[in-house]
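Text of query_22.txt, listed as compact mmCIF, C-alpha atoms:
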```
# COMPACT_ATOMS: atom_id res chain seq x y z
CA MET A 17 -32.10 -42.34 6.01
CA SER A 18 -34.27 -41.96 2.92
CA LEU A 19 -34.73 -38.71 1.01
CA SER A 20 -38.38 -38.48 2.15
CA THR A 21 -37.27 -38.86 5.77
CA VAL A 22 -34.77 -36.00 5.36
CA PHE A 23 -37.46 -33.84 3.79
CA ARG A 24 -39.92 -34.48 6.63
CA LEU A 25 -37.17 -33.86 9.17
CA SER A 26 -36.24 -30.57 7.45
CA ARG A 27 -39.83 -29.38 7.56
CA THR A 28 -40.01 -30.28 11.24
CA VAL A 29 -36.78 -28.40 11.98
CA LEU A 30 -37.99 -25.34 10.13
CA ARG A 31 -41.22 -25.36 12.14
CA THR A 32 -39.65 -25.91 15.54
CA GLY A 33 -35.86 -25.34 15.50
CA ILE A 34 -32.83 -27.38 16.65
CA ALA A 35 -31.96 -27.84 20.30
CA ASN A 36 -28.34 -28.89 19.74
CA LEU A 37 -25.91 -29.89 17.00
CA ASP A 38 -23.72 -32.15 19.14
CA LYS A 39 -22.68 -35.11 16.93
CA ARG A 40 -22.25 -37.38 19.99
CA ARG A 41 -25.93 -37.10 20.90
CA PRO A 42 -29.10 -37.70 18.91
CA LEU A 43 -30.62 -34.73 17.13
CA GLN A 44 -33.23 -33.15 19.41
CA ILE A 45 -36.23 -31.15 18.21
CA ILE A 46 -37.30 -28.35 20.54
CA THR A 47 -40.90 -27.45 21.25
CA SER A 48 -42.60 -24.32 19.98
CA ASP A 49 -42.47 -22.57 23.37
CA LEU A 50 -38.65 -22.38 23.10
CA ARG A 51 -38.55 -20.98 19.55
CA PRO A 52 -38.64 -17.31 20.50
CA ARG A 53 -35.38 -17.74 22.45
CA PHE A 54 -33.74 -19.50 19.50
CA PHE A 55 -34.84 -16.89 16.98
CA ALA A 56 -34.03 -13.85 19.18
CA VAL A 57 -32.52 -11.02 17.10
CA SER A 58 -28.76 -10.73 17.58
CA SER A 59 -27.33 -7.45 18.87
CA VAL A 60 -25.41 -7.22 15.59
CA PHE A 61 -28.65 -6.67 13.68
CA ARG A 62 -29.94 -4.13 16.20
CA LYS A 63 -27.04 -1.72 15.49
CA ASP A 64 -27.92 1.54 13.76
CA TRP A 65 -27.04 2.35 10.20
CA VAL A 66 -24.77 5.34 9.70
CA GLU A 67 -23.82 7.29 6.59
CA VAL A 68 -20.17 7.50 5.54
CA THR A 69 -18.96 9.96 2.88
CA PHE A 70 -15.74 9.34 0.93
CA GLU A 71 -14.25 12.42 -0.79
CA THR A 72 -12.17 11.76 -3.92
CA VAL A 73 -10.93 13.83 -6.86
CA ASP A 74 -13.92 12.47 -8.81
CA GLY A 75 -16.43 13.73 -6.26
CA SER A 76 -18.02 12.35 -3.11
CA HIS A 77 -19.53 8.92 -2.46
CA THR A 78 -22.05 8.55 0.39
CA VAL A 79 -22.84 4.99 1.49
CA LYS A 80 -24.17 3.24 4.60
CA GLY A 81 -22.50 1.03 7.17
CA LYS A 82 -23.34 -0.55 10.50
CA GLU A 83 -22.23 1.10 13.71
CA GLY A 84 -18.92 -0.51 14.65
CA ASP A 85 -17.87 -1.40 11.08
CA ASN A 86 -14.40 -0.33 10.04
CA LEU A 87 -13.94 1.75 6.88
CA LEU A 88 -12.49 -1.18 4.95
CA ASP A 89 -15.70 -3.17 5.60
CA VAL A 90 -17.80 -0.22 4.44
CA VAL A 91 -15.84 0.11 1.19
CA ILE A 92 -15.96 -3.62 0.42
CA ASN A 93 -19.62 -4.08 1.38
CA ASN A 94 -20.67 -1.18 -0.85
CA ASP A 95 -18.32 -2.16 -3.71
CA LEU A 96 -16.72 1.29 -3.89
CA ASP A 97 -14.06 1.76 -6.55
CA LEU A 98 -11.28 3.48 -4.60
CA ASP A 99 -7.86 2.92 -6.16
CA GLY A 100 -5.48 1.13 -3.82
CA PHE A 101 -7.82 1.23 -0.83
CA GLY A 102 -7.52 -1.95 1.21
CA ALA A 103 -4.72 -3.38 -0.93
CA CYS A 104 -3.22 -4.99 2.17
CA GLU A 105 -6.64 -6.40 3.24
CA GLY A 106 -6.60 -4.53 6.52
CA THR A 107 -3.17 -5.60 7.75
CA LEU A 108 -1.96 -1.95 7.67
CA SER A 109 1.14 -2.93 5.74
CA CYS A 110 0.64 -0.82 2.59
CA SER A 111 0.47 2.68 4.21
CA THR A 112 -2.43 3.59 1.89
CA CYS A 113 -4.87 4.19 4.75
CA HIS A 114 -2.98 6.86 6.68
CA LEU A 115 -5.04 9.82 7.94
CA ILE A 116 -4.32 13.56 8.04
CA PHE A 117 -5.75 15.28 11.11
CA LYS A 118 -6.37 18.91 11.89
CA LYS A 119 -3.64 20.17 14.18
CA GLU A 120 -6.01 20.66 17.12
CA ASP A 121 -7.28 17.07 16.75
CA PHE A 122 -3.78 15.64 16.28
CA ASP A 123 -2.64 17.31 19.51
CA LYS A 124 -5.36 15.40 21.41
CA ILE A 125 -3.81 12.02 20.57
CA GLU A 126 -2.07 10.82 23.73
CA ASP A 127 -0.05 7.89 22.37
CA PRO A 128 3.14 9.03 20.60
CA CYS A 129 4.07 7.66 17.18
CA THR A 130 6.23 4.54 17.33
CA ASP A 131 9.34 4.10 15.19
CA GLU A 132 7.64 1.25 13.34
CA GLU A 133 4.65 3.47 12.52
CA LEU A 134 6.87 6.30 11.27
CA ASP A 135 8.88 3.89 9.11
CA MET A 136 5.65 2.61 7.56
CA LEU A 137 4.33 6.13 6.93
CA ASP A 138 7.52 6.98 5.08
CA LEU A 139 6.33 4.57 2.38
CA ALA A 140 3.12 6.50 1.78
CA TYR A 141 2.87 8.55 -1.40
CA GLY A 142 2.41 12.28 -0.86
CA LEU A 143 2.81 12.00 2.91
CA SER A 144 2.17 15.38 4.49
CA ASP A 145 2.04 17.11 7.80
CA THR A 146 -1.33 18.06 9.26
CA GLY A 147 -1.47 21.42 7.47
CA MET A 148 -2.19 21.84 3.77
CA SER A 149 -1.65 24.99 1.77
CA LEU A 150 -1.34 26.50 -1.69
CA SER A 151 1.60 28.61 -2.83
CA LEU A 152 0.78 31.02 -5.67
CA ALA A 153 3.74 32.52 -7.48
CA GLY A 154 4.13 36.21 -8.23
CA CYS A 155 3.53 36.45 -11.99
CA GLY A 156 1.92 39.76 -12.98
CA PHE A 157 -0.48 39.47 -15.89
CA LEU A 158 0.11 35.72 -16.04
CA GLY A 159 -2.06 35.54 -12.93
CA VAL A 160 -4.70 34.28 -15.37
CA TYR A 161 -2.79 30.96 -15.28
CA LEU A 162 -3.37 30.85 -11.50
CA ILE A 163 -7.06 31.58 -12.05
CA GLY A 164 -7.37 28.56 -14.35
CA ALA A 165 -5.64 26.36 -11.75
CA LEU A 166 -7.83 27.63 -8.90
CA GLU A 167 -11.04 27.19 -10.88
CA CYS A 168 -10.06 23.58 -11.59
CA LEU A 169 -9.32 22.91 -7.92
CA SER A 170 -12.61 24.57 -6.93
CA ARG A 171 -14.50 22.25 -9.25
CA PHE A 172 -12.82 18.94 -8.44
CA ALA A 173 -11.69 19.53 -4.84
CA PRO A 174 -14.20 22.03 -3.38
CA ARG A 175 -13.83 20.81 0.20
CA PHE A 176 -10.05 21.22 0.06
CA VAL A 177 -10.35 24.72 -1.43
CA SER A 178 -12.90 25.82 1.18
CA LYS A 179 -10.41 25.28 4.02
CA VAL A 180 -6.95 25.56 2.48
CA GLN A 181 -4.47 28.24 3.49
CA VAL A 182 -3.03 30.28 0.64
CA ALA A 183 0.32 32.06 0.40
CA GLY A 184 1.03 34.40 -2.49
CA ALA A 185 3.10 37.27 -3.78
CA SER A 186 1.95 40.02 -6.14
CA ALA A 187 -0.68 38.53 -8.49
CA GLY A 188 -0.59 35.34 -6.41
CA ALA A 189 -1.71 37.32 -3.35
CA LEU A 190 -4.52 38.93 -5.37
CA MET A 191 -5.71 35.53 -6.60
CA GLY A 192 -5.49 34.07 -3.11
CA ALA A 193 -7.57 36.91 -1.67
CA SER A 194 -10.19 36.43 -4.40
CA LEU A 195 -10.39 32.70 -3.72
CA ILE A 196 -10.70 32.99 0.05
CA CYS A 197 -13.14 35.92 -0.06
CA ASN A 198 -15.36 34.15 -2.63
CA VAL A 199 -14.89 36.78 -5.32
CA PRO A 200 -15.98 35.16 -8.64
CA LEU A 201 -12.75 34.13 -10.35
CA ASP A 202 -14.32 34.48 -13.77
CA GLY A 203 -14.88 38.18 -13.06
CA VAL A 204 -11.28 38.54 -11.88
CA ARG A 205 -10.07 36.98 -15.15
CA PHE A 206 -12.09 39.39 -17.29
CA GLY A 207 -10.70 42.24 -15.21
CA PHE A 208 -7.17 41.13 -16.10
CA LEU A 209 -8.13 40.87 -19.78
CA ARG A 210 -9.62 44.37 -19.78
CA ILE A 211 -6.44 45.86 -18.29
CA ALA A 212 -4.33 43.98 -20.83
CA GLU A 213 -6.52 45.25 -23.67
CA GLU A 214 -6.15 48.80 -22.35
CA ALA A 215 -2.37 48.42 -22.08
CA GLN A 216 -2.23 47.36 -25.75
CA LYS A 217 -3.33 50.87 -26.72
CA TRP A 218 -0.17 52.46 -25.30
CA LYS A 219 3.23 52.47 -27.03
CA MET A 220 5.14 51.12 -24.03
CA GLY A 221 2.21 49.24 -22.58
CA PRO A 222 1.88 49.55 -18.79
CA PHE A 223 5.27 51.31 -18.66
CA THR A 224 3.84 54.33 -20.48
CA PRO A 225 3.72 57.29 -18.04
CA GLY A 226 0.06 57.96 -18.86
CA PHE A 227 -1.01 54.40 -18.05
CA LYS A 228 -2.21 54.29 -14.44
CA PHE A 229 -1.87 50.68 -13.37
CA GLU A 230 -2.58 51.57 -9.73
CA SER A 231 -6.02 52.95 -10.64
CA HIS A 232 -6.96 49.71 -12.40
CA LEU A 233 -5.75 47.68 -9.39
CA LEU A 234 -7.80 49.73 -6.90
CA LYS A 235 -10.88 49.34 -9.07
CA GLY A 236 -10.43 45.57 -9.03
CA LEU A 237 -9.95 45.50 -5.25
CA GLU A 238 -13.39 47.06 -4.82
CA ALA A 239 -14.81 43.59 -5.47
CA LEU A 240 -13.62 42.41 -2.04
CA PRO A 241 -16.58 42.04 0.37
CA HIS A 242 -16.97 44.21 3.48
CA ASP A 243 -15.80 41.35 5.72
CA ALA A 244 -12.84 40.40 3.51
CA HIS A 245 -10.35 41.01 6.33
CA THR A 246 -12.20 38.55 8.57
CA LYS A 247 -12.29 35.84 5.92
CA ALA A 248 -8.66 36.37 4.94
CA SER A 249 -7.11 36.51 8.42
CA ASP A 250 -5.15 33.35 9.26
CA ARG A 251 -5.90 31.85 5.82
CA LEU A 252 -4.23 34.29 3.43
CA HIS A 253 -0.49 34.88 3.75
CA VAL A 254 0.78 37.81 1.69
CA SER A 255 4.43 38.17 0.76
CA LEU A 256 5.78 41.74 1.02
CA THR A 257 9.18 43.37 0.70
CA ARG A 258 9.90 45.90 3.46
CA VAL A 259 11.48 49.02 1.90
CA PRO A 260 13.94 50.06 4.67
CA ASP A 261 15.92 46.78 4.60
CA MET A 262 14.44 44.99 1.54
CA SER A 263 13.65 41.95 3.68
CA ASN A 264 10.71 39.63 3.15
CA VAL A 265 7.67 39.91 5.42
CA ILE A 266 4.58 37.68 5.49
CA ILE A 267 1.38 39.31 6.75
CA SER A 268 -1.62 37.11 7.55
CA SER A 269 -3.83 39.13 9.91
CA TRP A 270 -5.84 42.31 9.35
CA ASP A 271 -7.99 44.56 11.52
CA SER A 272 -10.03 46.05 8.68
CA ARG A 273 -10.85 45.70 5.00
CA GLU A 274 -8.78 48.82 4.32
CA ASP A 275 -5.72 47.19 5.93
CA LEU A 276 -6.13 44.16 3.67
CA ILE A 277 -6.45 46.35 0.57
CA GLN A 278 -3.32 48.30 1.52
CA THR A 279 -1.43 45.03 2.01
CA LEU A 280 -2.47 43.78 -1.44
CA ARG A 281 -1.50 47.13 -2.98
CA CYS A 282 1.95 46.87 -1.41
CA SER A 283 2.39 43.27 -2.55
CA SER A 284 1.80 44.33 -6.18
CA PHE A 285 3.67 47.63 -6.13
CA ILE A 286 6.58 47.82 -8.61
CA LEU A 287 8.67 50.97 -8.55
CA GLY A 288 8.18 52.96 -11.76
CA TYR A 289 5.46 50.57 -12.94
CA SER A 290 2.92 51.29 -10.22
CA GLY A 291 4.31 54.71 -9.23
CA LEU A 292 7.18 56.22 -7.28
CA GLN A 293 5.76 56.37 -3.73
CA PRO A 294 5.21 52.92 -2.18
CA PRO A 295 2.05 52.51 -0.09
CA MET A 296 2.20 51.84 3.64
CA VAL A 297 0.82 49.25 6.05
CA LYS A 298 0.67 50.52 9.65
CA GLY A 299 3.24 53.21 8.98
CA VAL A 300 5.79 51.02 7.16
CA ARG A 301 6.38 51.17 3.41
CA TYR A 302 6.38 47.93 1.44
CA ILE A 303 6.74 47.00 -2.22
CA ASP A 304 6.06 43.91 -4.34
CA GLY A 305 6.70 40.69 -2.43
CA SER A 306 8.30 39.24 -5.58
CA TYR A 307 11.42 41.33 -4.89
CA SER A 308 12.22 39.06 -1.93
CA ASN A 309 9.99 35.94 -2.19
CA ARG A 310 8.14 35.12 -5.40
CA GLN A 311 6.93 31.70 -4.24
CA PRO A 312 6.06 31.97 -0.51
CA VAL A 313 5.59 28.59 1.21
CA ILE A 314 4.09 28.36 4.70
CA GLU A 315 3.77 24.57 4.99
CA PRO A 316 6.35 21.92 4.01
CA ASN A 317 3.74 20.08 1.94
CA ALA A 318 2.38 23.12 0.10
CA ILE A 319 1.07 22.67 -3.45
CA THR A 320 3.04 25.18 -5.53
CA ILE A 321 1.50 26.74 -8.64
CA SER A 322 3.47 28.76 -11.20
CA PRO A 323 2.97 29.76 -14.86
CA TYR A 324 6.67 29.18 -15.54
CA SER A 325 7.74 25.67 -16.52
CA GLY A 326 10.05 23.96 -14.09
CA TYR A 327 9.68 22.70 -10.57
CA ALA A 328 6.30 23.83 -9.23
CA ASP A 329 3.75 21.07 -8.59
CA ILE A 330 1.36 22.67 -11.06
CA SER A 331 3.18 24.36 -13.94
CA PRO A 332 3.49 24.05 -17.74
CA ARG A 333 5.55 21.21 -19.16
CA GLU A 334 7.32 22.61 -22.20
CA ASP A 335 8.92 20.59 -25.00
CA ASP A 336 11.67 23.08 -25.76
CA GLN A 337 15.20 22.55 -24.46
CA SER A 338 16.09 23.63 -20.96
CA TYR A 339 19.54 25.13 -20.36
CA GLY A 340 19.51 24.62 -16.62
CA LYS A 341 17.67 25.67 -13.52
CA LEU A 342 17.33 29.20 -12.19
CA LYS A 343 16.24 30.17 -8.69
CA TRP A 344 14.89 33.71 -8.58
CA TYR A 345 13.69 35.03 -5.22
CA GLN A 346 12.65 31.59 -3.93
CA GLN A 347 11.06 30.61 -7.24
CA SER A 348 12.71 27.88 -9.33
CA PHE A 349 12.14 27.35 -13.04
CA ASP A 350 13.81 26.14 -16.22
CA VAL A 351 16.06 28.39 -18.26
CA SER A 352 14.30 28.10 -21.62
CA TYR A 353 12.91 30.15 -24.48
CA ALA A 354 9.31 29.50 -23.39
CA ASN A 355 10.02 30.85 -19.91
CA ALA A 356 11.83 33.87 -21.35
CA VAL A 357 8.68 34.72 -23.31
CA SER A 358 6.48 34.16 -20.24
CA ILE A 359 8.65 36.39 -18.05
CA TYR A 360 8.41 39.16 -20.66
CA ARG A 361 4.62 38.79 -20.73
CA THR A 362 4.46 39.03 -16.95
CA LEU A 363 4.70 42.83 -17.13
CA MET A 364 4.10 43.42 -20.86
CA PRO A 365 0.78 41.66 -21.40
CA PRO A 366 0.05 40.01 -24.76
CA PRO A 367 -3.40 40.38 -26.40
CA PRO A 368 -6.34 39.01 -24.36
CA LEU A 369 -6.61 35.99 -26.69
CA VAL A 370 -3.08 34.89 -25.75
CA LEU A 371 -3.71 35.54 -22.04
CA ASN A 372 -6.78 33.31 -22.26
CA GLN A 373 -4.52 30.53 -23.51
CA TYR A 374 -2.55 30.80 -20.26
CA TYR A 375 -5.83 30.52 -18.36
CA CYS A 376 -6.76 27.34 -20.25
CA ARG A 377 -3.25 25.97 -19.71
CA GLY A 378 -3.54 26.53 -15.95
CA TYR A 379 -6.81 24.60 -15.89
CA SER A 380 -5.52 21.68 -17.97
CA ASP A 381 -2.21 21.44 -16.04
CA THR A 382 -4.19 21.17 -12.80
CA VAL A 383 -6.33 18.37 -14.26
CA LEU A 384 -3.14 16.49 -15.12
CA TYR A 385 -1.84 17.04 -11.59
CA LEU A 386 -5.04 15.67 -10.03
CA ARG A 387 -4.97 12.63 -12.32
CA LYS A 388 -1.40 11.96 -11.29
CA LEU A 389 -2.40 12.05 -7.63
CA LYS A 390 -5.25 9.63 -8.31
CA LYS A 391 -3.03 7.10 -10.05
CA SER A 392 -0.29 7.20 -7.40
```
Step by step, read the file and then write its structure as structure tokens.
Amino acid sequence: MSLSTVFRLSRTVLRTGIANLDKRRPLQIITSDLRPRFFAVSSVFRKDWVEVTFETVDGSHTVKGKEGDNLLDVVINNDLDLDGFGACEGTLSCSTCHLIFKKEDFDKIEDPCTDEELDMLDLAYGLSDTGMSLSLAGCGFLGVYLIGALECLSRFAPRFVSKVQVAGASAGALMGASLICNVPLDGVRFGFLRIAEEAQKWKMGPFTPGFKFESHLLKGLEALPHDAHTKASDRLHVSLTRVPDMSNVIISSWDSREDLIQTLRCSSFILGYSGLQPPMVKGVRYIDGSYSNRQPVIEPNAITISPYSGYADISPREDDQSYGKLKWYQQSFDVSYANAVSIYRTLMPPPPLVLNQYYCRGYSDTVLYLRKLKKS
């Protein structure tokens, strides 16, 4: 067959279509009245487009996919740069693509997990239960470190922060309440700096009898909105120490804003530092939760944050020598000179300039933590 014959045949095929491609029979050209059936649009092309949003530490990526596509197809078709995603080419053998459900959604799944599935999930980095939470250590004036960490999380993981449960003691409880109740964290930081600056004017700092720490705390708590108790209930978990038996109590539900404020007062009350008469919640006296649980954890996969170098997920990494590990009321940290200085500054605040350095350190340590998660 000559080239000109092929060309004429190709033009004819394009105009009319092919009836069959059976090699055992001659090529047949169909007539124009059958072309509509041959060129009928497939059901694949009639499917609707849907938007899919991928949330990462770098932000969100919204792309489009066809109804019925799997997520791997959507990522590949849109050339998304998601580290490790689809490394096993959809064979489900790399454990990268595991999902974390809300508890109420997970409970709706009828089929139980198989042993093979559980073994595969054990290979996943950072595998967690359905719940996610933050644990904020009790740390007095070094709460500015927690503020830096929370501001970083709010910037790079806003969706996570908007739903996360928070457990805290003392300053950690105050920071958790501010985060959940949408109190501007920058304002909370400047409040801490003002109190520290005021304490610098007294010989013994906050321990001076004339220095009324409780008054400064109550003034700061006025920033909580009128519905703070509603927002905080079931999301904020405050560590308290019950006075009669010095046992730890976690409170996470409040009937009024006043109840929440009283709980936060109790969680930050240090005998002699805040006064001599502990406040009460529903007729029971409580003091600082740090006396019994400085690092409250409500979920096994909680992200722990502490201004003391050591074993929290987000904490300073110091270069000075560690002389061992110390566990102090459920909080673990290195025995080192840097931590000794930080513990002193917890109740005896340094100048505002130094406190601001702790704030910056909290922010930068959280950035490092998020980068580590991304690379893993």
Closest-contact table, range 149-221 of chain A side, partner range 330-353 of chain A, 10 Å, counting all atoms listed in the file, as JSON lines:
```
{"residue": "A:Leu152", "atom": "CA", "partner": "A:Ile330", "partner_atom": "CA", "distance": 10.0}
{"residue": "A:Ala153", "atom": "CA", "partner": "A:Gln347", "partner_atom": "CA", "distance": 7.6}
{"residue": "A:Gly154", "atom": "CA", "partner": "A:Gln347", "partner_atom": "CA", "distance": 9.0}
{"residue": "A:Tyr161", "atom": "CA", "partner": "A:Ser331", "partner_atom": "CA", "distance": 9.0}
{"residue": "A:Leu162", "atom": "CA", "partner": "A:Ile330", "partner_atom": "CA", "distance": 9.5}
{"residue": "A:Ala165", "atom": "CA", "partner": "A:Ile330", "partner_atom": "CA", "distance": 7.9}
```
Write out as JSON lines the residues of range 306-381 of chain A that have any atom within 9 Å of an atom of range 199-217 of chain A, one row each with the nearest atom pair and its distance in Å to one decimal, counting only C-alpha atoms, sorted by chain and then rising number.
```
{"residue": "A:Met364", "atom": "CA", "partner": "A:Ala215", "partner_atom": "CA", "distance": 8.3}
{"residue": "A:Pro365", "atom": "CA", "partner": "A:Ala212", "partner_atom": "CA", "distance": 5.6}
{"residue": "A:Pro366", "atom": "CA", "partner": "A:Ala212", "partner_atom": "CA", "distance": 7.1}
{"residue": "A:Pro367", "atom": "CA", "partner": "A:Glu213", "partner_atom": "CA", "distance": 6.4}
{"residue": "A:Pro368", "atom": "CA", "partner": "A:Leu209", "partner_atom": "CA", "distance": 5.3}
{"residue": "A:Leu369", "atom": "CA", "partner": "A:Leu209", "partner_atom": "CA", "distance": 8.6}
{"residue": "A:Leu371", "atom": "CA", "partner": "A:Leu209", "partner_atom": "CA", "distance": 7.3}
{"residue": "A:Asn372", "atom": "CA", "partner": "A:Leu209", "partner_atom": "CA", "distance": 8.1}
{"residue": "A:Tyr375", "atom": "CA", "partner": "A:Arg205", "partner_atom": "CA", "distance": 8.4}
```
Within 8 Å of file point (-29.8, -0.7, 7.8), counting all atoms listed in the file, expressed as a ChimeraX atom specification:
/A:64-65,80-82
Need to verify the contact set: Gln293 in chain A, 12 Å, only C-alpha atoms, exclusion of same-chain residues closer than 4 positions in sequence. Can you return it as an NGL selection string?
:A and (230 or 259 or 281-282 or 285-289 or 301-303)
Pairwise distance, CA of Arg273 in chain A with CA of His242 in chain A, equals 6.5 Å
List every protein, DNA or RNA residue that has at least one atom no more than 10 Å from (5.8, 35.3, -21.0) in the file's coordinates, counting only C-alpha atoms, and write the result as a PDB file with C-alpha atoms, keeping the file's coordinate frame.
```
ATOM      1  CA  CYS A 155       3.530  36.450 -11.990  1.00  0.00           C
ATOM      2  CA  GLY A 156       1.920  39.760 -12.980  1.00  0.00           C
ATOM      3  CA  PHE A 157      -0.480  39.470 -15.890  1.00  0.00           C
ATOM      4  CA  LEU A 158       0.110  35.720 -16.040  1.00  0.00           C
ATOM      5  CA  PRO A 323       2.970  29.760 -14.860  1.00  0.00           C
ATOM      6  CA  TYR A 324       6.670  29.180 -15.540  1.00  0.00           C
ATOM      7  CA  TYR A 353      12.910  30.150 -24.480  1.00  0.00           C
ATOM      8  CA  ALA A 354       9.310  29.500 -23.390  1.00  0.00           C
ATOM      9  CA  ASN A 355      10.020  30.850 -19.910  1.00  0.00           C
ATOM     10  CA  ALA A 356      11.830  33.870 -21.350  1.00  0.00           C
ATOM     11  CA  VAL A 357       8.680  34.720 -23.310  1.00  0.00           C
ATOM     12  CA  SER A 358       6.480  34.160 -20.240  1.00  0.00           C
ATOM     13  CA  ILE A 359       8.650  36.390 -18.050  1.00  0.00           C
ATOM     14  CA  TYR A 360       8.410  39.160 -20.660  1.00  0.00           C
ATOM     15  CA  ARG A 361       4.620  38.790 -20.730  1.00  0.00           C
ATOM     16  CA  THR A 362       4.460  39.030 -16.950  1.00  0.00           C
ATOM     17  CA  LEU A 363       4.700  42.830 -17.130  1.00  0.00           C
ATOM     18  CA  MET A 364       4.100  43.420 -20.860  1.00  0.00           C
ATOM     19  CA  PRO A 365       0.780  41.660 -21.400  1.00  0.00           C
ATOM     20  CA  PRO A 366       0.050  40.010 -24.760  1.00  0.00           C
ATOM     21  CA  LEU A 371      -3.710  35.540 -22.040  1.00  0.00           C
ATOM     22  CA  TYR A 374      -2.550  30.800 -20.260  1.00  0.00           C
TER      23      TYR A 374
END
```
Give me the residues near Gln181 in chain A as a PyMOL selection string, where near means some atom within 9 Å (using all atoms listed in the file) and where sequence neighbours in that chain fewer than 4 positions away do not count.
chain A and resi 147-151+177+192+196+250-253+314
